[in-house]
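Student: What follows is protein.cif, made up of mmCIF, C-alpha atoms and all ligand atoms:
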```cif
data_target
loop_
_atom_site.group_PDB
_atom_site.id
_atom_site.type_symbol
_atom_site.label_atom_id
_atom_site.label_comp_id
_atom_site.auth_asym_id
_atom_site.auth_seq_id
_atom_site.Cartn_x
_atom_site.Cartn_y
_atom_site.Cartn_z
ATOM 1 C CA MET A 1 15.947 49.715 100.210
ATOM 2 C CA THR A 2 13.971 46.839 101.766
ATOM 3 C CA SER A 3 12.087 44.420 99.549
ATOM 4 C CA GLY A 4 8.875 45.983 100.913
ATOM 5 C CA ASN A 5 9.885 49.421 99.615
ATOM 6 C CA ALA A 6 11.021 47.958 96.306
ATOM 7 C CA GLU A 7 7.468 46.679 95.841
ATOM 8 C CA ARG A 8 6.082 50.127 96.443
ATOM 9 C CA SER A 9 6.584 51.703 93.027
ATOM 10 C CA ALA A 10 3.176 51.921 91.327
ATOM 11 C CA VAL A 11 1.395 55.103 90.282
ATOM 12 C CA LEU A 12 -2.350 55.637 90.759
ATOM 13 C CA CYS A 13 -4.240 57.780 88.222
ATOM 14 C CA VAL A 14 -7.656 58.848 89.526
ATOM 15 C CA GLY A 15 -10.369 60.551 87.493
ATOM 16 C CA ARG A 16 -13.331 60.306 85.160
ATOM 17 C CA ILE A 17 -13.051 57.951 82.198
ATOM 18 C CA TYR A 18 -14.643 59.103 78.934
ATOM 19 C CA CYS A 19 -15.625 57.638 75.619
ATOM 20 C CA ASP A 20 -14.311 60.268 73.175
ATOM 21 C CA LEU A 21 -16.082 60.548 69.814
ATOM 22 C CA ILE A 22 -13.574 62.497 67.715
ATOM 23 C CA PHE A 23 -14.896 63.945 64.435
ATOM 24 C CA THR A 24 -12.170 65.132 62.042
ATOM 25 C CA GLY A 25 -12.170 66.646 58.553
ATOM 26 C CA LEU A 26 -14.953 69.203 59.192
ATOM 27 C CA SER A 27 -15.395 72.245 56.955
ATOM 28 C CA ARG A 28 -16.737 74.283 59.908
ATOM 29 C CA LEU A 29 -17.974 73.839 63.472
ATOM 30 C CA PRO A 30 -21.642 72.826 63.997
ATOM 31 C CA VAL A 31 -24.185 75.682 64.277
ATOM 32 C CA LEU A 32 -27.871 75.581 65.185
ATOM 33 C CA GLY A 33 -30.157 74.422 62.384
ATOM 34 C CA ARG A 34 -27.363 73.212 60.046
ATOM 35 C CA GLU A 35 -25.761 69.838 59.442
ATOM 36 C CA VAL A 36 -21.989 69.466 59.220
ATOM 37 C CA PHE A 37 -20.353 66.333 57.795
ATOM 38 C CA ALA A 38 -17.068 64.937 59.090
ATOM 39 C CA ASP A 39 -14.607 62.940 56.961
ATOM 40 C CA ALA A 40 -13.723 60.581 59.807
ATOM 41 C CA LEU A 41 -14.775 59.447 63.262
ATOM 42 C CA THR A 42 -12.508 57.888 65.881
ATOM 43 C CA ILE A 43 -13.905 56.332 69.054
ATOM 44 C CA ALA A 44 -11.306 56.314 71.834
ATOM 45 C CA ALA A 45 -11.101 55.851 75.589
ATOM 46 C CA GLY A 46 -10.307 59.274 77.049
ATOM 47 C CA GLY A 47 -9.953 61.461 80.122
ATOM 48 C CA GLY A 48 -6.690 62.641 81.624
ATOM 49 C CA ALA A 49 -6.505 59.825 84.169
ATOM 50 C CA PHE A 50 -6.575 57.074 81.555
ATOM 51 C CA ILE A 51 -4.323 58.872 79.070
ATOM 52 C CA SER A 52 -1.760 59.542 81.818
ATOM 53 C CA ALA A 53 -1.924 55.950 83.062
ATOM 54 C CA ALA A 54 -1.336 54.685 79.523
ATOM 55 C CA HIS A 55 1.760 56.889 79.213
ATOM 56 C CA PHE A 56 3.069 55.687 82.599
ATOM 57 C CA ALA A 57 2.664 52.102 81.355
ATOM 58 C CA ASP A 58 4.447 53.151 78.179
ATOM 59 C CA VAL A 59 7.562 54.273 80.070
ATOM 60 C CA GLY A 60 7.506 50.986 82.013
ATOM 61 C CA ARG A 61 5.953 52.202 85.268
ATOM 62 C CA HIS A 62 3.198 50.075 86.860
ATOM 63 C CA ALA A 63 0.107 52.324 86.662
ATOM 64 C CA ALA A 64 -3.377 51.647 88.002
ATOM 65 C CA LEU A 65 -6.439 53.523 86.770
ATOM 66 C CA VAL A 66 -8.872 54.393 89.559
ATOM 67 C CA GLY A 67 -12.212 55.331 88.022
ATOM 68 C CA ARG A 68 -15.775 54.347 87.200
ATOM 69 C CA LEU A 69 -17.335 52.767 84.122
ATOM 70 C CA GLY A 70 -20.993 52.021 83.340
ATOM 71 C CA HIS A 71 -22.631 48.952 81.840
ATOM 72 C CA ASP A 72 -23.766 50.807 78.696
ATOM 73 C CA PRO A 73 -22.419 50.019 75.180
ATOM 74 C CA MET A 74 -20.005 52.992 75.247
ATOM 75 C CA SER A 75 -18.476 51.775 78.509
ATOM 76 C CA VAL A 76 -18.048 48.321 76.959
ATOM 77 C CA VAL A 77 -16.153 49.843 74.014
ATOM 78 C CA VAL A 78 -13.970 51.846 76.399
ATOM 79 C CA GLU A 79 -13.239 48.841 78.587
ATOM 80 C CA GLY A 80 -11.934 46.909 75.585
ATOM 81 C CA GLN A 81 -9.466 49.713 74.844
ATOM 82 C CA LEU A 82 -8.420 50.003 78.489
ATOM 83 C CA GLY A 83 -7.648 46.286 78.441
ATOM 84 C CA GLU A 84 -5.181 46.773 75.566
ATOM 85 C CA SER A 85 -3.370 49.709 77.172
ATOM 86 C CA GLY A 86 -1.093 47.922 79.623
ATOM 87 C CA VAL A 87 -2.774 49.780 82.511
ATOM 88 C CA ASP A 88 -3.746 47.903 85.706
ATOM 89 C CA LEU A 89 -7.570 47.869 85.907
ATOM 90 C CA ALA A 90 -7.910 46.270 89.365
ATOM 91 C CA PHE A 91 -9.439 49.482 90.805
ATOM 92 C CA LEU A 92 -12.109 50.078 88.163
ATOM 93 C CA GLU A 93 -15.609 50.339 89.596
ATOM 94 C CA ARG A 94 -18.574 49.403 87.386
ATOM 95 C CA ALA A 95 -21.858 51.131 88.198
ATOM 96 C CA ASP A 96 -25.037 51.892 86.260
ATOM 97 C CA ASP A 97 -24.853 55.623 86.972
ATOM 98 C CA ALA A 98 -21.303 55.922 85.581
ATOM 99 C CA GLY A 99 -22.293 55.960 81.945
ATOM 100 C CA PRO A 100 -22.608 56.697 79.198
ATOM 101 C CA GLN A 101 -19.977 59.354 79.829
ATOM 102 C CA ILE A 102 -19.151 60.863 76.475
ATOM 103 C CA THR A 103 -17.150 63.680 74.939
ATOM 104 C CA VAL A 104 -17.835 64.712 71.346
ATOM 105 C CA ALA A 105 -14.786 66.464 69.908
ATOM 106 C CA SER A 106 -15.111 68.434 66.665
ATOM 107 C CA VAL A 107 -11.652 69.017 65.228
ATOM 108 C CA ILE A 108 -10.707 71.623 62.596
ATOM 109 C CA GLY A 109 -6.935 71.817 62.101
ATOM 110 C CA SER A 110 -5.449 72.549 65.520
ATOM 111 C CA GLU A 111 -8.796 73.886 66.840
ATOM 112 C CA ARG A 112 -11.154 71.659 68.837
ATOM 113 C CA ALA A 113 -14.673 72.103 70.231
ATOM 114 C CA PHE A 114 -15.887 69.728 72.953
ATOM 115 C CA LEU A 115 -19.321 68.645 74.153
ATOM 116 C CA THR A 116 -19.268 66.515 77.302
ATOM 117 C CA ARG A 117 -21.759 64.727 79.503
ATOM 118 C CA ARG A 118 -20.592 63.877 83.008
ATOM 119 C CA ALA A 119 -22.493 60.931 84.493
ATOM 120 C CA GLY A 120 -22.813 60.129 88.210
ATOM 121 C CA PRO A 121 -20.367 61.055 90.967
ATOM 122 C CA ALA A 122 -16.634 61.178 90.148
ATOM 123 C CA GLU A 123 -15.339 59.305 93.192
ATOM 124 C CA PRO A 124 -14.960 55.562 92.659
ATOM 125 C CA ALA A 125 -15.950 53.166 95.458
ATOM 126 C CA THR A 126 -12.481 51.647 94.954
ATOM 127 C CA LEU A 127 -10.610 54.805 96.007
ATOM 128 C CA ASP A 128 -9.723 53.832 99.570
ATOM 129 C CA ALA A 129 -8.582 50.368 98.491
ATOM 130 C CA ALA A 130 -6.375 51.963 95.830
ATOM 131 C CA LEU A 131 -4.843 54.564 98.178
ATOM 132 C CA THR A 132 -3.941 51.859 100.721
ATOM 133 C CA TRP A 133 -2.741 49.320 98.112
ATOM 134 C CA PRO A 134 0.714 48.194 99.315
ATOM 135 C CA LYS A 135 2.222 48.679 95.831
ATOM 136 C CA ALA A 136 1.019 52.286 95.516
ATOM 137 C CA ARG A 137 3.812 54.863 95.776
ATOM 138 C CA HIS A 138 2.430 57.930 94.031
ATOM 139 C CA LEU A 139 -0.851 59.584 93.000
ATOM 140 C CA HIS A 140 -0.930 61.507 89.718
ATOM 141 C CA ILE A 141 -3.913 63.851 89.300
ATOM 142 C CA ALA A 142 -4.170 64.630 85.594
ATOM 143 C CA GLU A 143 -6.790 67.392 85.895
ATOM 144 C CA TYR A 144 -7.583 70.034 88.524
ATOM 145 C CA ALA A 145 -11.241 69.217 87.674
ATOM 146 C CA THR A 146 -10.716 65.868 89.442
ATOM 147 C CA LEU A 147 -9.556 67.626 92.608
ATOM 148 C CA ALA A 148 -12.487 70.066 92.352
ATOM 149 C CA GLU A 149 -14.828 67.045 92.436
ATOM 150 C CA MET A 150 -12.840 65.201 95.147
ATOM 151 C CA PRO A 151 -11.420 68.051 97.302
ATOM 152 C CA ASP A 152 -9.884 65.754 99.939
ATOM 153 C CA LEU A 153 -8.015 63.597 97.411
ATOM 154 C CA VAL A 154 -4.551 65.027 98.153
ATOM 155 C CA THR A 155 -5.074 64.854 101.932
ATOM 156 C CA ARG A 156 -6.175 61.219 101.708
ATOM 157 C CA ALA A 157 -3.230 60.291 99.476
ATOM 158 C CA LYS A 158 -0.752 61.963 101.839
ATOM 159 C CA ALA A 159 -2.344 60.154 104.811
ATOM 160 C CA SER A 160 -1.540 56.907 102.973
ATOM 161 C CA GLY A 161 2.082 57.988 102.552
ATOM 162 C CA LEU A 162 1.865 58.675 98.804
ATOM 163 C CA THR A 163 3.607 61.490 96.957
ATOM 164 C CA VAL A 164 1.332 63.524 94.663
ATOM 165 C CA SER A 165 1.699 65.277 91.295
ATOM 166 C CA LEU A 166 -0.956 67.439 89.624
ATOM 167 C CA ASP A 167 -1.422 68.840 86.114
ATOM 168 C CA PRO A 168 -4.115 71.557 86.158
ATOM 169 C CA SER A 169 -5.178 70.812 82.518
ATOM 170 C CA TRP A 170 -7.043 73.886 81.253
ATOM 171 C CA ASP A 171 -10.735 73.967 82.184
ATOM 172 C CA ASP A 172 -12.562 77.205 81.326
ATOM 173 C CA ALA A 173 -14.772 76.970 84.410
ATOM 174 C CA LEU A 174 -11.939 76.271 86.867
ATOM 175 C CA ILE A 175 -8.636 77.737 85.675
ATOM 176 C CA GLY A 176 -9.541 81.176 87.066
ATOM 177 C CA ASP A 177 -10.398 79.715 90.504
ATOM 178 C CA GLN A 178 -8.669 82.072 92.964
ATOM 179 C CA ALA A 179 -8.371 79.155 95.412
ATOM 180 C CA LEU A 180 -6.691 76.805 92.914
ATOM 181 C CA VAL A 181 -3.223 76.999 94.477
ATOM 182 C CA ALA A 182 -4.606 76.741 98.016
ATOM 183 C CA ASN A 183 -6.781 73.762 97.038
ATOM 184 C CA CYS A 184 -3.663 72.010 95.689
ATOM 185 C CA ARG A 185 -1.967 72.193 99.108
ATOM 186 C CA GLY A 186 0.104 69.050 99.693
ATOM 187 C CA VAL A 187 0.896 68.487 95.996
ATOM 188 C CA ASP A 188 4.628 67.677 95.694
ATOM 189 C CA LEU A 189 5.031 68.276 91.970
ATOM 190 C CA PHE A 190 2.978 70.873 90.045
ATOM 191 C CA LEU A 191 2.937 70.461 86.243
ATOM 192 C CA PRO A 192 1.053 73.244 84.412
ATOM 193 C CA ASN A 193 1.625 74.308 80.817
ATOM 194 C CA LEU A 194 2.638 77.869 79.987
ATOM 195 C CA GLU A 195 -0.923 79.079 79.361
ATOM 196 C CA GLU A 196 -2.179 77.610 82.641
ATOM 197 C CA ALA A 197 0.779 78.980 84.621
ATOM 198 C CA ARG A 198 0.168 82.436 83.113
ATOM 199 C CA GLU A 199 -3.499 82.365 84.127
ATOM 200 C CA ILE A 200 -2.785 81.017 87.633
ATOM 201 C CA THR A 201 0.064 83.407 88.476
ATOM 202 C CA GLY A 202 -0.769 86.480 86.385
ATOM 203 C CA GLU A 203 2.894 86.514 85.300
ATOM 204 C CA SER A 204 4.030 86.644 81.674
ATOM 205 C CA VAL A 205 7.477 85.014 81.604
ATOM 206 C CA PRO A 206 8.442 81.491 82.762
ATOM 207 C CA GLY A 207 10.969 82.684 85.376
ATOM 208 C CA ALA A 208 8.370 84.857 87.108
ATOM 209 C CA MET A 209 5.738 82.088 86.893
ATOM 210 C CA LEU A 210 8.140 79.643 88.575
ATOM 211 C CA ALA A 211 9.028 82.211 91.239
ATOM 212 C CA ALA A 212 5.322 82.686 91.992
ATOM 213 C CA LEU A 213 4.602 78.928 92.213
ATOM 214 C CA GLN A 214 7.741 77.631 93.960
ATOM 215 C CA PRO A 215 6.760 78.886 97.437
ATOM 216 C CA HIS A 216 3.660 76.669 97.211
ATOM 217 C CA PHE A 217 5.046 73.435 95.713
ATOM 218 C CA PRO A 218 8.348 71.601 96.385
ATOM 219 C CA SER A 219 8.792 70.985 92.634
ATOM 220 C CA VAL A 220 7.369 72.939 89.681
ATOM 221 C CA VAL A 221 7.747 72.196 85.958
ATOM 222 C CA ILE A 222 6.148 74.299 83.197
ATOM 223 C CA LYS A 223 5.496 72.708 79.783
ATOM 224 C CA ALA A 224 5.874 75.016 76.801
ATOM 225 C CA GLY A 225 4.934 72.951 73.707
ATOM 226 C CA GLY A 226 7.368 73.579 70.838
ATOM 227 C CA GLU A 227 9.538 75.662 73.216
ATOM 228 C CA GLY A 228 10.185 72.629 75.442
ATOM 229 C CA ALA A 229 9.834 73.026 79.207
ATOM 230 C CA TYR A 230 11.091 74.929 82.260
ATOM 231 C CA ALA A 231 11.822 73.550 85.733
ATOM 232 C CA GLY A 232 12.471 75.387 88.972
ATOM 233 C CA THR A 233 15.398 74.249 91.099
ATOM 234 C CA PRO A 234 16.946 75.757 94.232
ATOM 235 C CA ASP A 235 19.839 76.894 91.980
ATOM 236 C CA GLY A 236 17.666 78.615 89.374
ATOM 237 C CA MET A 237 15.626 77.809 86.304
ATOM 238 C CA LEU A 238 16.367 74.939 83.929
ATOM 239 C CA HIS A 239 15.162 75.151 80.326
ATOM 240 C CA ASN A 240 15.214 72.244 77.895
ATOM 241 C CA PRO A 241 14.220 72.977 74.290
ATOM 242 C CA ALA A 242 11.794 70.670 72.486
ATOM 243 C CA GLU A 243 13.235 68.164 70.014
ATOM 244 C CA ASN A 244 12.956 69.130 66.367
ATOM 245 C CA VAL A 245 10.667 66.284 65.287
ATOM 246 C CA PRO A 246 7.859 65.968 62.725
ATOM 247 C CA VAL A 247 4.622 66.766 64.603
ATOM 248 C CA THR A 248 1.610 64.570 63.751
ATOM 249 C CA ASP A 249 -0.729 65.270 66.701
ATOM 250 C CA THR A 250 0.021 67.021 70.003
ATOM 251 C CA THR A 251 -2.962 65.423 71.838
ATOM 252 C CA GLY A 252 -1.671 63.765 75.003
ATOM 253 C CA ALA A 253 1.830 65.278 74.680
ATOM 254 C CA GLY A 254 1.454 66.917 78.086
ATOM 255 C CA ASP A 255 0.390 63.630 79.683
ATOM 256 C CA ALA A 256 3.310 61.794 78.062
ATOM 257 C CA PHE A 257 5.674 64.503 79.345
ATOM 258 C CA ASN A 258 4.193 64.204 82.856
ATOM 259 C CA ALA A 259 4.612 60.415 82.875
ATOM 260 C CA GLY A 260 8.198 60.682 81.639
ATOM 261 C CA PHE A 261 9.026 63.257 84.312
ATOM 262 C CA VAL A 262 7.264 61.589 87.274
ATOM 263 C CA ASP A 263 8.742 58.179 86.408
ATOM 264 C CA ARG A 264 12.326 59.520 86.641
ATOM 265 C CA TRP A 265 11.510 61.769 89.635
ATOM 266 C CA LEU A 266 10.191 58.711 91.529
ATOM 267 C CA SER A 267 13.371 56.823 90.656
ATOM 268 C CA GLY A 268 15.411 59.523 92.400
ATOM 269 C CA ASP A 269 16.857 61.231 89.298
ATOM 270 C CA ASP A 270 17.633 64.953 89.616
ATOM 271 C CA MET A 271 15.473 67.625 87.927
ATOM 272 C CA ALA A 272 17.772 67.869 84.881
ATOM 273 C CA LYS A 273 17.611 64.136 84.151
ATOM 274 C CA ALA A 274 13.865 63.971 84.775
ATOM 275 C CA LEU A 275 13.330 66.979 82.495
ATOM 276 C CA ALA A 276 15.345 65.334 79.697
ATOM 277 C CA ALA A 277 13.298 62.117 80.014
ATOM 278 C CA ALA A 278 10.060 64.124 79.953
ATOM 279 C CA ILE A 279 11.070 65.955 76.773
ATOM 280 C CA ARG A 280 11.878 62.597 75.129
ATOM 281 C CA ALA A 281 8.432 61.253 76.105
ATOM 282 C CA GLY A 282 6.715 64.424 74.784
ATOM 283 C CA SER A 283 8.648 64.178 71.517
ATOM 284 C CA ARG A 284 7.552 60.576 70.986
ATOM 285 C CA ALA A 285 3.918 61.470 71.703
ATOM 286 C CA VAL A 286 3.688 64.300 69.135
ATOM 287 C CA GLN A 287 4.884 61.967 66.369
ATOM 288 C CA VAL A 288 1.855 59.647 66.605
ATOM 289 C CA ALA A 289 -1.877 60.382 66.295
ATOM 290 C CA GLY A 290 -4.151 60.083 69.331
ATOM 291 C CA GLY A 291 -3.826 60.700 73.039
ATOM 292 C CA ALA A 292 -3.008 57.332 74.562
ATOM 293 C CA VAL A 293 -1.961 55.107 71.681
ATOM 294 C CA ARG A 294 1.069 52.855 71.878
ATOM 295 C CA GLN A 295 4.083 54.831 70.729
ATOM 296 C CA THR A 296 6.300 53.386 68.038
ATOM 297 C CA PRO A 297 8.921 56.082 67.114
HETATM 298 N N1 LIG B 1 5.366 71.220 68.470
HETATM 299 C C1 LIG B 1 6.136 70.429 69.237
HETATM 300 N N2 LIG B 1 7.357 70.029 68.804
HETATM 301 C C2 LIG B 1 8.139 69.224 69.553
HETATM 302 N N3 LIG B 1 7.794 68.794 70.789
HETATM 303 C C3 LIG B 1 6.600 69.173 71.271
HETATM 304 C C4 LIG B 1 5.697 69.998 70.535
HETATM 305 N N4 LIG B 1 4.571 70.185 71.272
HETATM 306 C C5 LIG B 1 4.769 69.509 72.425
HETATM 307 N N5 LIG B 1 5.980 68.907 72.440
HETATM 308 C C6 LIG B 1 6.579 68.109 73.509
HETATM 309 O O1 LIG B 1 5.582 67.712 74.446
HETATM 310 C C7 LIG B 1 5.802 68.384 75.722
HETATM 311 C C8 LIG B 1 4.493 68.735 76.364
HETATM 312 O O2 LIG B 1 3.665 69.421 75.443
HETATM 313 P P1 LIG B 1 2.826 70.721 75.816
HETATM 314 O O3 LIG B 1 3.709 71.770 76.350
HETATM 315 O O4 LIG B 1 2.026 71.037 74.602
HETATM 316 O O5 LIG B 1 1.937 70.185 77.018
HETATM 317 P P2 LIG B 1 0.420 70.499 77.351
HETATM 318 O O6 LIG B 1 0.083 71.895 76.903
HETATM 319 O O7 LIG B 1 0.178 70.143 78.758
HETATM 320 O O8 LIG B 1 -0.276 69.450 76.375
HETATM 321 P P3 LIG B 1 -1.737 68.846 76.376
HETATM 322 O O9 LIG B 1 -2.374 69.453 75.154
HETATM 323 O O10 LIG B 1 -1.513 67.391 76.240
HETATM 324 O O11 LIG B 1 -2.389 69.266 77.663
HETATM 325 C C9 LIG B 1 6.693 69.571 75.379
HETATM 326 O O12 LIG B 1 7.445 69.985 76.507
HETATM 327 C C10 LIG B 1 7.567 68.978 74.284
HETATM 328 O O13 LIG B 1 8.551 68.122 74.847
HETATM 329 MG MG MG B 2 -1.774 69.780 79.553
#
```
Take the structure I supplied and represent it as structure tokens, if you would.
Tutor:
Amino acid sequence: MTSGNAERSAVLCVGRIYCDLIFTGLSRLPVLGREVFADALTIAAGGGAFISAAHFADVGRHAALVGRLGHDPMSVVVEGQLGESGVDLAFLERADDAGPQITVASVIGSERAFLTRRAGPAEPATLDAALTWPKARHLHIAEYATLAEMPDLVTRAKASGLTVSLDPSWDDALIGDQALVANCRGVDLFLPNLEEAREITGESVPGAMLAALQPHFPSVVIKAGGEGAYAGTPDGMLHNPAENVPVTDTTGAGDAFNAGFVDRWLSGDDMAKALAAAIRAGSRAVQVAGGAVRQTP
């Protein structure tokens, strides 16, 4: 490998950045005309792009977040947290119409209800500079919603010589999109969870889901929570069980898994080794609270 190629190892994570207001300890979900009190409130930088980038940084991979922030107080809070994450912020655009971009999450046990306000266009003015950055090697799209808002994102990344991975991340309005697979054309590595793969393919077992997706994507991995994950290879299906660990909070486990997998895949490891690294990253993530926090276990 030349020194030029050795430099080219960073991952770009593109997408909307949110300020998540997470209310926990509720007796019931809010209803019209009633007040519900929460035991606790956490304010955290959110959105799949940031959470993924933080997990890439966590496994030691240079990751740059490509997104937009406003000048409002919520954006200021978010920016402070981004600064502590280890993520490269060189491609953050600041614009008045990019905030406040907020998600209110009401959490009861493992159930969550979300209320979100999207502000301004999704595409950052920094996108072209990021895609042509000499250190950029790979684009990770953490949500199909990002591609729905920037339909030429994969084409532009490929034109810059980047490889591309995509996690659909369930979105009620988009997961049933009949054109989802076609719109993901050019994606090298497709990373749905079991529920998403079932909805996209109409199949009910992992082997059949992989068989339906493999003609469209060079590599496919299906995450299955406490069951671990499945990967398609030319020689058949690999299955790695999840580790038997104490589960504190599964938020961000999928993003941690994706970062663990893509990091090894970019380093040239085979599917089995990448899958093992991804399971380790997922296991670490479920043992700590929050989506993008520094992992200690
Ligand atoms: N209950 C669990 N016990 C052990 N490991 C788990 C558990 N849940 C998730 N994991 C680990 O995290 C990985 C990814 O989790 P999961 O399959 O829930 O992804 P996801 O549905 O995309 O998650 P997300 O909610 O972040 O979108 C799993 O493959 C596994 O390694
Ligand atoms: Mg997911």
Student: Output as JSON lines one row per residue of chain A within 9 Å of ligand LIG 1 (chain B): the closest atom pair and its distance in Å to one decimal place, counting only C-alpha atoms and all ligand atoms, sorted by chain and residue number ascending.
Tutor:
```
{"residue": "A:Gly48", "atom": "CA", "partner": "B:LIG1", "partner_atom": "O11", "distance": 8.8}
{"residue": "A:Asp167", "atom": "CA", "partner": "B:LIG1", "partner_atom": "O7", "distance": 7.6}
{"residue": "A:Pro168", "atom": "CA", "partner": "B:LIG1", "partner_atom": "O7", "distance": 8.7}
{"residue": "A:Ser169", "atom": "CA", "partner": "B:LIG1", "partner_atom": "O11", "distance": 5.8}
{"residue": "A:Trp170", "atom": "CA", "partner": "B:LIG1", "partner_atom": "O11", "distance": 7.5}
{"residue": "A:Leu191", "atom": "CA", "partner": "B:LIG1", "partner_atom": "O7", "distance": 8.0}
{"residue": "A:Pro192", "atom": "CA", "partner": "B:LIG1", "partner_atom": "O7", "distance": 6.5}
{"residue": "A:Asn193", "atom": "CA", "partner": "B:LIG1", "partner_atom": "O6", "distance": 4.8}
{"residue": "A:Leu194", "atom": "CA", "partner": "B:LIG1", "partner_atom": "O3", "distance": 7.2}
{"residue": "A:Glu195", "atom": "CA", "partner": "B:LIG1", "partner_atom": "O6", "distance": 7.7}
{"residue": "A:Glu196", "atom": "CA", "partner": "B:LIG1", "partner_atom": "O6", "distance": 8.4}
{"residue": "A:Ile222", "atom": "CA", "partner": "B:LIG1", "partner_atom": "O3", "distance": 7.7}
{"residue": "A:Lys223", "atom": "CA", "partner": "B:LIG1", "partner_atom": "O3", "distance": 4.0}
{"residue": "A:Ala224", "atom": "CA", "partner": "B:LIG1", "partner_atom": "O3", "distance": 3.9}
{"residue": "A:Gly225", "atom": "CA", "partner": "B:LIG1", "partner_atom": "O3", "distance": 3.1}
{"residue": "A:Gly226", "atom": "CA", "partner": "B:LIG1", "partner_atom": "C1", "distance": 3.7}
{"residue": "A:Glu227", "atom": "CA", "partner": "B:LIG1", "partner_atom": "O12", "distance": 6.9}
{"residue": "A:Gly228", "atom": "CA", "partner": "B:LIG1", "partner_atom": "O12", "distance": 4.0}
{"residue": "A:Ala229", "atom": "CA", "partner": "B:LIG1", "partner_atom": "O12", "distance": 4.7}
{"residue": "A:Tyr230", "atom": "CA", "partner": "B:LIG1", "partner_atom": "O12", "distance": 8.4}
{"residue": "A:Asn240", "atom": "CA", "partner": "B:LIG1", "partner_atom": "O12", "distance": 8.2}
{"residue": "A:Pro241", "atom": "CA", "partner": "B:LIG1", "partner_atom": "O13", "distance": 7.5}
{"residue": "A:Ala242", "atom": "CA", "partner": "B:LIG1", "partner_atom": "N3", "distance": 4.7}
{"residue": "A:Glu243", "atom": "CA", "partner": "B:LIG1", "partner_atom": "C2", "distance": 5.2}
{"residue": "A:Asn244", "atom": "CA", "partner": "B:LIG1", "partner_atom": "C2", "distance": 5.8}
{"residue": "A:Val245", "atom": "CA", "partner": "B:LIG1", "partner_atom": "C2", "distance": 5.8}
{"residue": "A:Pro246", "atom": "CA", "partner": "B:LIG1", "partner_atom": "N2", "distance": 7.3}
{"residue": "A:Val247", "atom": "CA", "partner": "B:LIG1", "partner_atom": "N1", "distance": 5.9}
{"residue": "A:Thr248", "atom": "CA", "partner": "B:LIG1", "partner_atom": "N1", "distance": 9.0}
{"residue": "A:Asp249", "atom": "CA", "partner": "B:LIG1", "partner_atom": "N4", "distance": 8.6}
{"residue": "A:Thr250", "atom": "CA", "partner": "B:LIG1", "partner_atom": "N4", "distance": 5.7}
{"residue": "A:Thr251", "atom": "CA", "partner": "B:LIG1", "partner_atom": "O10", "distance": 5.0}
{"residue": "A:Gly252", "atom": "CA", "partner": "B:LIG1", "partner_atom": "O10", "distance": 3.8}
{"residue": "A:Ala253", "atom": "CA", "partner": "B:LIG1", "partner_atom": "O10", "distance": 4.3}
{"residue": "A:Gly254", "atom": "CA", "partner": "B:LIG1", "partner_atom": "O5", "distance": 3.5}
{"residue": "A:Asp255", "atom": "CA", "partner": "B:LIG1", "partner_atom": "O10", "distance": 5.4}
{"residue": "A:Ala256", "atom": "CA", "partner": "B:LIG1", "partner_atom": "C8", "distance": 7.2}
{"residue": "A:Phe257", "atom": "CA", "partner": "B:LIG1", "partner_atom": "C8", "distance": 5.3}
{"residue": "A:Asn258", "atom": "CA", "partner": "B:LIG1", "partner_atom": "C8", "distance": 7.9}
{"residue": "A:Leu275", "atom": "CA", "partner": "B:LIG1", "partner_atom": "O12", "distance": 8.9}
{"residue": "A:Ala276", "atom": "CA", "partner": "B:LIG1", "partner_atom": "O13", "distance": 8.8}
{"residue": "A:Ala278", "atom": "CA", "partner": "B:LIG1", "partner_atom": "O13", "distance": 6.7}
{"residue": "A:Ile279", "atom": "CA", "partner": "B:LIG1", "partner_atom": "O13", "distance": 3.8}
{"residue": "A:Arg280", "atom": "CA", "partner": "B:LIG1", "partner_atom": "O13", "distance": 6.5}
{"residue": "A:Ala281", "atom": "CA", "partner": "B:LIG1", "partner_atom": "O13", "distance": 7.0}
{"residue": "A:Gly282", "atom": "CA", "partner": "B:LIG1", "partner_atom": "O1", "distance": 3.5}
{"residue": "A:Ser283", "atom": "CA", "partner": "B:LIG1", "partner_atom": "N3", "distance": 4.8}
{"residue": "A:Arg284", "atom": "CA", "partner": "B:LIG1", "partner_atom": "C6", "distance": 8.0}
{"residue": "A:Ala285", "atom": "CA", "partner": "B:LIG1", "partner_atom": "O1", "distance": 7.0}
{"residue": "A:Val286", "atom": "CA", "partner": "B:LIG1", "partner_atom": "C3", "distance": 6.1}
{"residue": "A:Gln287", "atom": "CA", "partner": "B:LIG1", "partner_atom": "C2", "distance": 8.6}
{"residue": "A:Gly291", "atom": "CA", "partner": "B:LIG1", "partner_atom": "O10", "distance": 7.8}
```
Student: Could you give me, as a PyMOL selection string, the residues within 8 Å of Ala274 in chain A, counting only C-alpha atoms and dropping anything in the same chain fewer than 5 positions from it?
Tutor: chain A and resi 260-265+269
Student: Quick check on the file I pasted: which residues fall under the PyMOL selection byres (((chain A and resi 207) around 12) and not hetatm)? Write them as a PyMOL selection string.
Tutor: chain A and resi 194+197-198+201+203-206+208-214+220-222+229-233+236-239
Student: Mind giving me the straight-line distance from CA of Thr155 in chain A to CA of Ala125 in chain A in Å, one decimal?
Tutor: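 Answer for the CA of Thr155 in chain A to CA of Ala125 in chain A separation: 17.2 Å.
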Student: So that I can see what lies close to His62 in chain A, please list as a PyMOL selection string the residues with an atom at most 8 Å from it, counting all atoms listed in the file and leaving out residues fewer than 5 positions away in the same chain.
Tutor: chain A and resi 9-11+56-57+87-88
Student: Can you tell me, as a PyMOL selection string, what residues are no more than 12 Å from Phe23 in chain A when counting only C-alpha atoms, ignoring any on the same chain fewer than 2 positions away?
Tutor: chain A and resi 20-21+25-30+36-44+103-109+111-115
